[in-house]
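As C-alpha coordinates, the structure follows; a few thoughts come after it.
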Amino acid sequence: MARRHPRTIYCHHTDPGYIPPPRLSENMVVVGPFMETRRDGDRVISLTSPKGRYDLSALLQELPAEQAPEVIVVSIDATALNEPTNLAAFDCPKVALLADTHHLARPLRNALACLTEETFDFHIALYNRHHAHFFSDYGLKQVHWLPGLTVRQFDVAKPASTKREILFVGQAGNYHPRRRRLLAAIEARGLPLRILSCPAEQAARNYAEACITFNCSLNGDLNMRVFETLGAGGFLLTDSLSPQSGLARLFRDGEHLALYDSPDDLIAKIEYYLDRPDEAGEIARRGQQHYIECFSPERMIGMLWDILFEGTTEPISDIGEDRRTATPLNRTATPETRTATPETRTATPEPMTRNRMMARVELYEFVQELHRKEESVAVLVLPGVDPIMACDIADLPRVKVF
(Lines give C-alpha, C1' and ligand atoms only; values in the text may rest on other atoms or scores of the structure.)
Protein backbone atom coordinates (compact mmCIF):
# COMPACT_ATOMS: atom_id res chain seq x y z
CA MET A 1 0.00 0.00 0.00
CA ALA A 2 1.19 3.52 -0.78
CA ARG A 3 1.00 4.92 2.72
CA ARG A 4 0.96 8.53 1.51
CA HIS A 5 -1.63 7.90 -1.19
CA PRO A 6 -3.86 5.01 -0.07
CA ARG A 7 -6.99 4.17 -2.01
CA THR A 8 -9.42 6.42 -0.17
CA ILE A 9 -13.18 6.79 -0.11
CA TYR A 10 -14.01 10.26 1.17
CA CYS A 11 -17.66 10.88 2.10
CA HIS A 12 -18.19 14.63 1.72
CA HIS A 13 -21.05 16.35 3.56
CA THR A 14 -21.63 19.58 1.64
CA ASP A 15 -21.65 21.34 -1.73
CA PRO A 16 -18.12 21.21 -3.19
CA GLY A 17 -18.63 24.72 -4.56
CA TYR A 18 -19.03 25.92 -0.96
CA ILE A 19 -16.38 23.75 0.68
CA PRO A 20 -14.21 21.77 -1.77
CA PRO A 21 -13.36 18.25 -0.62
CA PRO A 22 -9.77 17.98 0.60
CA ARG A 23 -7.19 16.19 -1.51
CA LEU A 24 -6.29 13.51 0.98
CA SER A 25 -4.84 11.15 -1.62
CA GLU A 26 -4.15 10.94 -5.33
CA ASN A 27 -6.19 7.72 -5.23
CA MET A 28 -9.42 9.16 -3.83
CA VAL A 29 -13.09 8.75 -4.72
CA VAL A 30 -15.40 11.43 -3.33
CA VAL A 31 -18.91 10.33 -2.35
CA GLY A 32 -21.68 12.62 -1.18
CA PRO A 33 -25.19 13.94 -1.71
CA PHE A 34 -23.89 17.04 -3.50
CA MET A 35 -21.31 15.29 -5.68
CA GLU A 36 -21.82 14.43 -9.35
CA THR A 37 -21.15 10.91 -10.55
CA ARG A 38 -18.01 11.25 -12.70
CA ARG A 39 -15.68 8.78 -14.34
CA ASP A 40 -12.40 8.90 -16.20
CA GLY A 41 -12.74 5.85 -18.43
CA ASP A 42 -13.29 2.92 -16.07
CA ARG A 43 -11.94 4.86 -13.12
CA VAL A 44 -14.49 6.40 -10.76
CA ILE A 45 -13.78 9.99 -9.69
CA SER A 46 -16.91 10.75 -7.64
CA LEU A 47 -20.32 9.31 -6.86
CA THR A 48 -23.66 10.83 -5.93
CA SER A 49 -25.13 9.41 -2.74
CA PRO A 50 -28.63 9.85 -1.29
CA LYS A 51 -29.07 12.54 1.34
CA GLY A 52 -29.01 11.35 4.93
CA ARG A 53 -28.38 7.67 5.51
CA TYR A 54 -27.26 5.41 2.70
CA ASP A 55 -25.63 1.98 2.38
CA LEU A 56 -22.04 2.72 1.38
CA SER A 57 -21.33 -0.91 0.54
CA ALA A 58 -24.23 -1.01 -1.95
CA LEU A 59 -23.20 2.34 -3.43
CA LEU A 60 -19.63 1.17 -4.04
CA GLN A 61 -20.55 -2.10 -5.73
CA GLU A 62 -19.87 -0.48 -9.11
CA LEU A 63 -16.37 0.49 -8.01
CA PRO A 64 -13.61 -1.35 -9.97
CA ALA A 65 -11.61 -3.85 -7.91
CA GLU A 66 -8.45 -1.79 -8.34
CA GLN A 67 -10.19 1.06 -6.51
CA ALA A 68 -11.29 -1.01 -3.53
CA PRO A 69 -10.78 1.22 -0.46
CA GLU A 70 -7.79 0.97 1.82
CA VAL A 71 -9.30 3.65 4.07
CA ILE A 72 -12.75 5.23 4.43
CA VAL A 73 -13.05 8.81 5.68
CA VAL A 74 -16.47 10.22 6.60
CA SER A 75 -17.14 13.91 7.29
CA ILE A 76 -19.80 14.06 10.00
CA ASP A 77 -21.54 17.33 10.79
CA ALA A 78 -24.74 18.65 12.36
CA THR A 79 -26.75 18.66 9.12
CA ALA A 80 -26.92 14.82 9.11
CA LEU A 81 -26.93 14.95 5.29
CA ASN A 82 -24.01 12.53 4.98
CA GLU A 83 -24.38 9.40 7.12
CA PRO A 84 -23.10 6.31 5.31
CA THR A 85 -24.04 2.98 6.88
CA ASN A 86 -22.81 -0.63 6.62
CA LEU A 87 -19.20 0.42 7.13
CA ALA A 88 -18.52 -2.95 8.74
CA ALA A 89 -18.61 -4.47 5.24
CA PHE A 90 -15.16 -2.97 4.59
CA ASP A 91 -11.99 -4.47 6.03
CA CYS A 92 -10.00 -1.25 6.29
CA PRO A 93 -9.60 1.65 8.71
CA LYS A 94 -12.70 3.85 9.11
CA VAL A 95 -12.16 7.49 10.07
CA ALA A 96 -14.79 9.93 11.36
CA LEU A 97 -14.01 13.60 10.77
CA LEU A 98 -15.91 15.54 13.45
CA ALA A 99 -16.96 18.79 11.82
CA ASP A 100 -19.67 21.31 12.76
CA THR A 101 -20.80 20.40 16.28
CA HIS A 102 -21.11 24.03 17.37
CA HIS A 103 -24.51 24.99 15.90
CA LEU A 104 -27.83 23.73 14.51
CA ALA A 105 -30.20 21.41 16.40
CA ARG A 106 -28.70 18.71 18.66
CA PRO A 107 -25.28 18.92 16.96
CA LEU A 108 -23.29 16.95 19.53
CA ARG A 109 -26.06 14.50 20.35
CA ASN A 110 -26.62 13.74 16.67
CA ALA A 111 -22.90 13.15 16.15
CA LEU A 112 -22.68 10.85 19.18
CA ALA A 113 -25.74 8.92 18.02
CA CYS A 114 -24.22 8.48 14.57
CA LEU A 115 -20.97 7.22 16.09
CA THR A 116 -22.93 4.77 18.23
CA GLU A 117 -24.69 3.21 15.25
CA GLU A 118 -21.58 2.98 13.05
CA THR A 119 -18.20 1.94 14.41
CA PHE A 120 -15.16 3.98 13.43
CA ASP A 121 -11.54 3.15 14.21
CA PHE A 122 -10.39 6.77 14.46
CA HIS A 123 -12.12 10.02 15.41
CA ILE A 124 -10.57 13.29 14.24
CA ALA A 125 -11.71 16.68 15.57
CA LEU A 126 -11.23 19.37 12.93
CA TYR A 127 -12.37 22.83 14.02
CA ASN A 128 -13.92 22.07 17.43
CA ARG A 129 -11.06 20.75 19.51
CA HIS A 130 -12.94 21.99 22.58
CA HIS A 131 -15.58 19.30 21.93
CA ALA A 132 -13.11 16.41 21.67
CA HIS A 133 -13.47 15.56 25.36
CA PHE A 134 -17.15 14.72 24.84
CA PHE A 135 -16.23 12.01 22.34
CA SER A 136 -13.50 10.70 24.60
CA ASP A 137 -15.85 10.67 27.61
CA TYR A 138 -18.42 8.81 25.52
CA GLY A 139 -15.99 5.90 25.30
CA LEU A 140 -14.74 6.43 21.75
CA LYS A 141 -11.13 5.44 21.14
CA GLN A 142 -8.43 7.08 19.05
CA VAL A 143 -9.69 10.66 19.36
CA HIS A 144 -7.25 13.15 17.84
CA TRP A 145 -7.09 16.74 16.59
CA LEU A 146 -5.85 17.67 13.12
CA PRO A 147 -6.52 21.39 12.66
CA GLY A 148 -6.99 22.57 9.10
CA LEU A 149 -6.92 19.03 7.67
CA THR A 150 -9.70 19.75 5.16
CA VAL A 151 -8.49 23.20 4.06
CA ARG A 152 -7.42 23.66 0.45
CA GLN A 153 -4.43 26.00 0.14
CA PHE A 154 -4.00 28.07 -3.03
CA ASP A 155 -0.73 29.69 -4.07
CA VAL A 156 -1.44 33.32 -4.89
CA ALA A 157 0.84 36.19 -5.80
CA LYS A 158 1.40 38.70 -3.04
CA PRO A 159 0.88 42.28 -4.31
CA ALA A 160 3.48 45.00 -3.71
CA SER A 161 0.95 46.84 -1.54
CA THR A 162 -2.40 46.01 -0.05
CA LYS A 163 -5.77 47.71 -0.48
CA ARG A 164 -6.89 49.93 2.38
CA GLU A 165 -9.92 47.83 3.20
CA ILE A 166 -11.41 45.39 5.68
CA LEU A 167 -12.35 42.28 3.76
CA PHE A 168 -14.96 39.78 4.92
CA VAL A 169 -15.54 36.60 2.93
CA GLY A 170 -18.27 34.25 4.02
CA GLN A 171 -21.79 34.06 5.33
CA ALA A 172 -23.53 36.56 7.58
CA GLY A 173 -27.09 35.22 7.66
CA ASN A 174 -29.43 34.13 10.42
CA TYR A 175 -26.98 31.58 11.78
CA HIS A 176 -24.40 34.32 12.41
CA PRO A 177 -25.94 36.98 14.67
CA ARG A 178 -22.66 38.04 16.26
CA ARG A 179 -20.95 38.28 12.90
CA ARG A 180 -23.79 40.47 11.65
CA ARG A 181 -23.55 42.74 14.69
CA LEU A 182 -19.80 43.20 14.24
CA LEU A 183 -20.08 43.87 10.51
CA ALA A 184 -22.77 46.46 11.27
CA ALA A 185 -20.46 48.10 13.82
CA ILE A 186 -17.68 48.34 11.23
CA GLU A 187 -20.04 49.92 8.72
CA ALA A 188 -21.47 52.32 11.32
CA ARG A 189 -17.94 53.54 12.02
CA GLY A 190 -17.57 54.42 8.33
CA LEU A 191 -14.64 52.06 7.81
CA PRO A 192 -13.84 50.68 4.32
CA LEU A 193 -15.56 47.30 4.60
CA ARG A 194 -15.95 44.96 1.63
CA ILE A 195 -18.16 41.86 1.95
CA LEU A 196 -17.59 39.10 -0.56
CA SER A 197 -18.97 35.66 -1.32
CA CYS A 198 -16.89 33.63 -3.75
CA PRO A 199 -15.14 30.26 -4.29
CA ALA A 200 -12.15 29.44 -2.12
CA GLU A 201 -9.50 30.05 -4.80
CA GLN A 202 -10.86 33.53 -5.58
CA ALA A 203 -11.13 34.27 -1.87
CA ALA A 204 -7.44 33.44 -1.45
CA ARG A 205 -6.45 36.14 -3.95
CA ASN A 206 -8.59 38.67 -2.11
CA TYR A 207 -7.09 37.75 1.27
CA ALA A 208 -3.63 38.48 -0.11
CA GLU A 209 -4.69 41.87 -1.48
CA ALA A 210 -6.61 43.26 1.53
CA CYS A 211 -4.96 45.19 4.34
CA ILE A 212 -7.17 43.38 6.87
CA THR A 213 -9.22 40.19 6.63
CA PHE A 214 -11.92 40.18 9.28
CA ASN A 215 -13.07 36.89 10.75
CA CYS A 216 -15.62 36.02 13.40
CA SER A 217 -16.23 32.43 14.45
CA LEU A 218 -19.79 31.20 14.21
CA ASN A 219 -19.76 29.93 17.79
CA GLY A 220 -16.36 29.61 19.41
CA ASP A 221 -14.99 27.36 16.65
CA LEU A 222 -11.52 27.59 15.13
CA ASN A 223 -12.94 27.93 11.64
CA MET A 224 -11.50 27.29 8.18
CA ARG A 225 -11.06 31.01 7.41
CA VAL A 226 -8.19 31.21 9.91
CA PHE A 227 -6.17 28.68 7.90
CA GLU A 228 -7.33 29.90 4.48
CA THR A 229 -6.35 33.51 5.20
CA LEU A 230 -2.94 32.69 6.65
CA GLY A 231 -2.23 30.21 3.86
CA ALA A 232 -2.91 32.93 1.28
CA GLY A 233 -0.65 35.44 3.04
CA GLY A 234 -3.42 37.67 4.31
CA PHE A 235 -3.41 39.66 7.54
CA LEU A 236 -6.04 38.08 9.78
CA LEU A 237 -7.99 39.86 12.51
CA THR A 238 -10.07 37.22 14.27
CA ASP A 239 -11.93 36.75 17.53
CA SER A 240 -10.30 35.40 20.67
CA LEU A 241 -11.29 31.84 21.49
CA SER A 242 -11.05 29.70 24.60
CA PRO A 243 -7.79 27.96 25.51
CA GLN A 244 -9.54 24.64 24.84
CA SER A 245 -10.09 25.64 21.18
CA GLY A 246 -6.38 25.26 20.50
CA LEU A 247 -6.00 28.61 18.70
CA ALA A 248 -3.27 29.77 21.07
CA ARG A 249 -1.40 26.49 20.54
CA LEU A 250 -1.17 27.21 16.82
CA PHE A 251 -0.72 30.96 16.37
CA ARG A 252 0.45 33.88 18.51
CA ASP A 253 -1.42 37.16 18.78
CA GLY A 254 0.58 40.02 17.25
CA GLU A 255 3.09 37.66 15.64
CA HIS A 256 1.06 35.50 13.23
CA LEU A 257 -2.35 37.21 13.40
CA ALA A 258 -4.27 39.67 15.57
CA LEU A 259 -7.09 38.95 18.01
CA TYR A 260 -9.99 41.04 19.31
CA ASP A 261 -12.04 40.45 22.45
CA SER A 262 -15.05 42.74 22.04
CA PRO A 263 -16.77 45.03 19.51
CA ASP A 264 -14.87 48.06 20.84
CA ASP A 265 -11.57 46.17 20.69
CA LEU A 266 -12.35 45.12 17.12
CA ILE A 267 -12.90 48.71 15.96
CA ALA A 268 -9.78 49.93 17.75
CA LYS A 269 -7.59 47.27 16.12
CA ILE A 270 -9.07 47.83 12.68
CA GLU A 271 -8.24 51.54 12.90
CA TYR A 272 -4.78 50.75 14.26
CA TYR A 273 -3.79 48.36 11.47
CA LEU A 274 -5.41 50.39 8.67
CA ASP A 275 -3.00 53.16 9.62
CA ARG A 276 -0.07 50.70 9.83
CA PRO A 277 -0.23 48.53 6.70
CA ASP A 278 3.47 47.68 6.89
CA GLU A 279 3.06 46.25 10.40
CA ALA A 280 0.01 44.29 9.27
CA GLY A 281 1.94 43.02 6.26
CA GLU A 282 4.83 41.82 8.40
CA ILE A 283 2.45 39.91 10.68
CA ALA A 284 0.83 38.39 7.59
CA ARG A 285 4.23 37.30 6.26
CA ARG A 286 5.15 35.59 9.52
CA GLY A 287 1.70 34.03 9.78
CA GLN A 288 1.92 32.51 6.31
CA GLN A 289 5.44 31.21 6.88
CA HIS A 290 4.44 29.63 10.20
CA TYR A 291 1.31 28.11 8.67
CA ILE A 292 3.19 26.57 5.74
CA GLU A 293 5.92 25.16 7.97
CA CYS A 294 3.63 23.71 10.63
CA PHE A 295 0.02 23.33 9.50
CA SER A 296 -0.14 23.10 5.72
CA PRO A 297 -2.60 20.58 4.24
CA GLU A 298 0.28 18.34 3.14
CA ARG A 299 1.67 18.22 6.65
CA MET A 300 -1.69 17.58 8.29
CA ILE A 301 -2.61 14.87 5.77
CA GLY A 302 0.74 13.23 6.43
CA MET A 303 -0.06 13.27 10.16
CA LEU A 304 -3.39 11.57 9.41
CA TRP A 305 -1.71 8.70 7.57
CA ASP A 306 0.90 8.40 10.35
CA ILE A 307 -1.90 7.99 12.91
CA LEU A 308 -3.72 5.41 10.79
CA PHE A 309 -0.92 3.32 9.36
CA GLU A 310 2.12 3.93 11.58
CA GLY A 311 0.42 4.36 14.95
CA THR A 312 2.44 7.52 15.60
CA THR A 313 1.19 10.94 16.64
CA GLU A 314 2.68 14.38 17.01
CA PRO A 315 2.07 16.58 20.07
CA ILE A 316 -0.29 18.89 18.18
CA SER A 317 -2.81 16.08 17.60
CA ASP A 318 -2.93 15.09 21.28
CA ILE A 319 -6.15 16.23 22.98
CA GLY A 320 -4.80 15.28 26.42
CA GLU A 321 -3.72 18.84 27.21
CA ASP A 322 -7.42 19.48 27.83
CA ARG A 323 -7.66 17.94 31.30
CA ARG A 324 -11.35 17.24 30.78
CA THR A 325 -10.34 14.25 28.65
CA ALA A 326 -9.26 12.50 31.86
CA THR A 327 -12.90 12.07 32.98
CA PRO A 328 -13.65 8.33 33.09
CA LEU A 329 -16.73 7.22 31.17
CA ASN A 330 -18.22 4.87 33.75
CA ARG A 331 -17.37 6.26 37.16
CA THR A 332 -18.62 3.85 39.80
CA ALA A 333 -19.95 4.90 43.16
CA THR A 334 -17.51 4.53 46.03
CA PRO A 335 -18.54 3.14 49.45
CA GLU A 336 -18.46 6.71 50.76
CA THR A 337 -20.88 7.78 48.04
CA ARG A 338 -23.27 4.91 48.74
CA THR A 339 -23.43 5.71 52.44
CA ALA A 340 -23.57 9.48 52.13
CA THR A 341 -26.55 11.44 53.35
CA PRO A 342 -28.87 12.92 50.71
CA GLU A 343 -27.45 16.38 51.46
CA THR A 344 -23.86 15.38 50.77
CA ARG A 345 -24.62 12.89 48.01
CA THR A 346 -25.92 15.63 45.70
CA ALA A 347 -22.42 17.06 45.35
CA THR A 348 -20.88 13.71 44.34
CA PRO A 349 -20.79 12.81 40.65
CA GLU A 350 -23.01 9.94 39.58
CA PRO A 351 -21.69 7.15 37.33
CA MET A 352 -21.00 8.61 33.86
CA THR A 353 -23.27 6.37 31.81
CA ARG A 354 -24.00 7.09 28.17
CA ASN A 355 -27.53 8.22 29.01
CA ARG A 356 -26.12 10.67 31.52
CA MET A 357 -23.59 11.80 28.93
CA MET A 358 -26.45 12.67 26.57
CA ALA A 359 -28.19 14.69 29.31
CA ARG A 360 -24.93 16.47 30.03
CA VAL A 361 -24.41 17.25 26.34
CA GLU A 362 -28.00 18.50 26.05
CA LEU A 363 -27.33 21.06 28.76
CA TYR A 364 -24.11 22.12 27.05
CA GLU A 365 -25.94 22.53 23.73
CA PHE A 366 -28.49 24.78 25.43
CA VAL A 367 -25.78 27.13 26.73
CA GLN A 368 -23.85 26.87 23.47
CA GLU A 369 -26.91 28.08 21.55
CA LEU A 370 -27.25 31.08 23.90
CA HIS A 371 -23.58 31.79 23.26
CA ARG A 372 -24.18 31.76 19.50
CA LYS A 373 -26.89 34.40 19.78
CA GLU A 374 -25.65 36.72 22.53
CA GLU A 375 -22.54 38.83 22.97
CA SER A 376 -22.15 37.56 26.54
CA VAL A 377 -23.83 34.90 28.66
CA ALA A 378 -23.76 34.62 32.47
CA VAL A 379 -24.32 31.22 34.07
CA LEU A 380 -24.89 30.72 37.78
CA VAL A 381 -23.83 27.29 39.03
CA LEU A 382 -25.57 26.41 42.29
CA PRO A 383 -24.30 24.10 45.04
CA GLY A 384 -25.06 20.47 44.24
CA VAL A 385 -24.46 20.81 40.50
CA ASP A 386 -21.88 18.36 39.19
CA PRO A 387 -18.69 20.44 38.66
CA ILE A 388 -18.16 18.71 35.32
CA MET A 389 -21.12 20.69 33.97
CA ALA A 390 -19.29 23.93 34.75
CA CYS A 391 -16.12 22.52 33.20
CA ASP A 392 -18.01 21.74 29.99
CA ILE A 393 -19.32 25.26 29.41
CA ALA A 394 -16.01 26.89 30.34
CA ASP A 395 -14.81 26.45 26.75
CA LEU A 396 -17.35 28.96 25.41
CA PRO A 397 -15.26 32.15 25.32
CA ARG A 398 -18.06 34.66 26.03
CA VAL A 399 -19.67 32.68 28.85
CA LYS A 400 -19.02 33.87 32.40
CA VAL A 401 -19.49 31.18 35.02
CA PHE A 402 -20.40 32.24 38.56
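The chains in the C-alpha coordinates are called A, B, ... from first to last as shown; in each chain the residues are counted from 1, and the ligands are counted from 1 in the order shown.
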DSSP helix (DSSP H, G or I) residues within range 80-328 of chain A, as a PyMOL selection string: chain A and resi 87-89+107-117+129-137+177-188+200-209+224-232+243-245+247-250+263-274+277-295+297-310+315-317+319-321+323-326
All residues 8 Å or closer to Ile124 in chain A, only C-alpha atoms, same chain fewer than 2 positions away omitted, as a count of residues only: 10
So that I can check the surroundings of range 25-33 of chain A, please list as an mmCIF file with N, CA, C and O atoms, in the first residue's frame every protein, DNA and RNA residue that reaches within 6 Å of it, counting only C-alpha atoms and ignoring chain neighbours fewer than 3 positions away.
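Once written, selection-v4.cif looks like this:
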```
data_model
loop_
_atom_site.group_PDB
_atom_site.id
_atom_site.type_symbol
_atom_site.label_atom_id
_atom_site.label_comp_id
_atom_site.auth_asym_id
_atom_site.auth_seq_id
_atom_site.Cartn_x
_atom_site.Cartn_y
_atom_site.Cartn_z
ATOM 1 N N HIS A 5 -0.525 7.750 -0.254
ATOM 2 C CA HIS A 5 -1.633 7.895 -1.192
ATOM 3 C C HIS A 5 -2.466 6.606 -1.226
ATOM 4 O O HIS A 5 -2.588 5.968 -2.269
ATOM 5 N N ARG A 7 -5.699 4.103 -1.330
ATOM 6 C CA ARG A 7 -6.992 4.172 -2.013
ATOM 7 C C ARG A 7 -8.042 4.592 -0.982
ATOM 8 O O ARG A 7 -8.323 3.859 -0.031
ATOM 9 N N THR A 8 -8.592 5.770 -1.190
ATOM 10 C CA THR A 8 -9.423 6.416 -0.172
ATOM 11 C C THR A 8 -10.822 6.667 -0.694
ATOM 12 O O THR A 8 -10.996 7.159 -1.814
ATOM 13 N N ILE A 9 -11.815 6.337 0.127
ATOM 14 C CA ILE A 9 -13.183 6.788 -0.105
ATOM 15 C C ILE A 9 -13.436 7.927 0.871
ATOM 16 O O ILE A 9 -13.331 7.746 2.084
ATOM 17 N N TYR A 10 -13.727 9.106 0.327
ATOM 18 C CA TYR A 10 -14.010 10.261 1.171
ATOM 19 C C TYR A 10 -15.475 10.635 1.015
ATOM 20 O O TYR A 10 -15.929 10.986 -0.080
ATOM 21 N N CYS A 11 -16.237 10.564 2.103
ATOM 22 C CA CYS A 11 -17.664 10.884 2.101
ATOM 23 C C CYS A 11 -17.824 12.337 2.522
ATOM 24 O O CYS A 11 -17.644 12.673 3.703
ATOM 25 N N HIS A 12 -18.181 13.183 1.546
ATOM 26 C CA HIS A 12 -18.194 14.633 1.720
ATOM 27 C C HIS A 12 -19.610 15.101 2.042
ATOM 28 O O HIS A 12 -20.565 14.674 1.396
ATOM 29 N N ILE A 45 -14.311 8.782 -10.322
ATOM 30 C CA ILE A 45 -13.784 9.991 -9.692
ATOM 31 C C ILE A 45 -14.654 10.401 -8.502
ATOM 32 O O ILE A 45 -14.153 10.727 -7.430
ATOM 33 N N SER A 46 -15.975 10.386 -8.709
ATOM 34 C CA SER A 46 -16.908 10.750 -7.635
ATOM 35 C C SER A 46 -18.243 10.080 -7.877
ATOM 36 O O SER A 46 -18.566 9.679 -9.004
ATOM 37 N N LEU A 47 -19.025 9.966 -6.806
ATOM 38 C CA LEU A 47 -20.324 9.307 -6.862
ATOM 39 C C LEU A 47 -21.347 10.118 -6.092
ATOM 40 O O LEU A 47 -21.053 10.642 -5.008
ATOM 41 N N THR A 48 -22.557 10.181 -6.635
ATOM 42 C CA THR A 48 -23.655 10.830 -5.927
ATOM 43 C C THR A 48 -24.285 9.835 -4.967
ATOM 44 O O THR A 48 -24.604 8.705 -5.347
ATOM 45 N N SER A 49 -24.458 10.251 -3.731
ATOM 46 C CA SER A 49 -25.130 9.412 -2.735
ATOM 47 C C SER A 49 -26.491 10.021 -2.406
ATOM 48 O O SER A 49 -26.723 11.212 -2.651
ATOM 49 N N PRO A 50 -27.395 9.248 -1.820
ATOM 50 C CA PRO A 50 -28.627 9.851 -1.287
ATOM 51 C C PRO A 50 -28.300 10.792 -0.135
ATOM 52 O O PRO A 50 -27.227 10.708 0.475
ATOM 53 N N LYS A 51 -29.220 11.692 0.170
ATOM 54 C CA LYS A 51 -29.067 12.540 1.338
ATOM 55 C C LYS A 51 -29.423 11.754 2.585
ATOM 56 O O LYS A 51 -30.321 10.903 2.572
#
```
Selected residue of minimal separation from Phe90 in chain A among A:Glu282, A:Pro16, A:Ala68, A:Arg109, counting only C-alpha atoms: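 The closest residue to Phe90 in chain A is A:Ala68.
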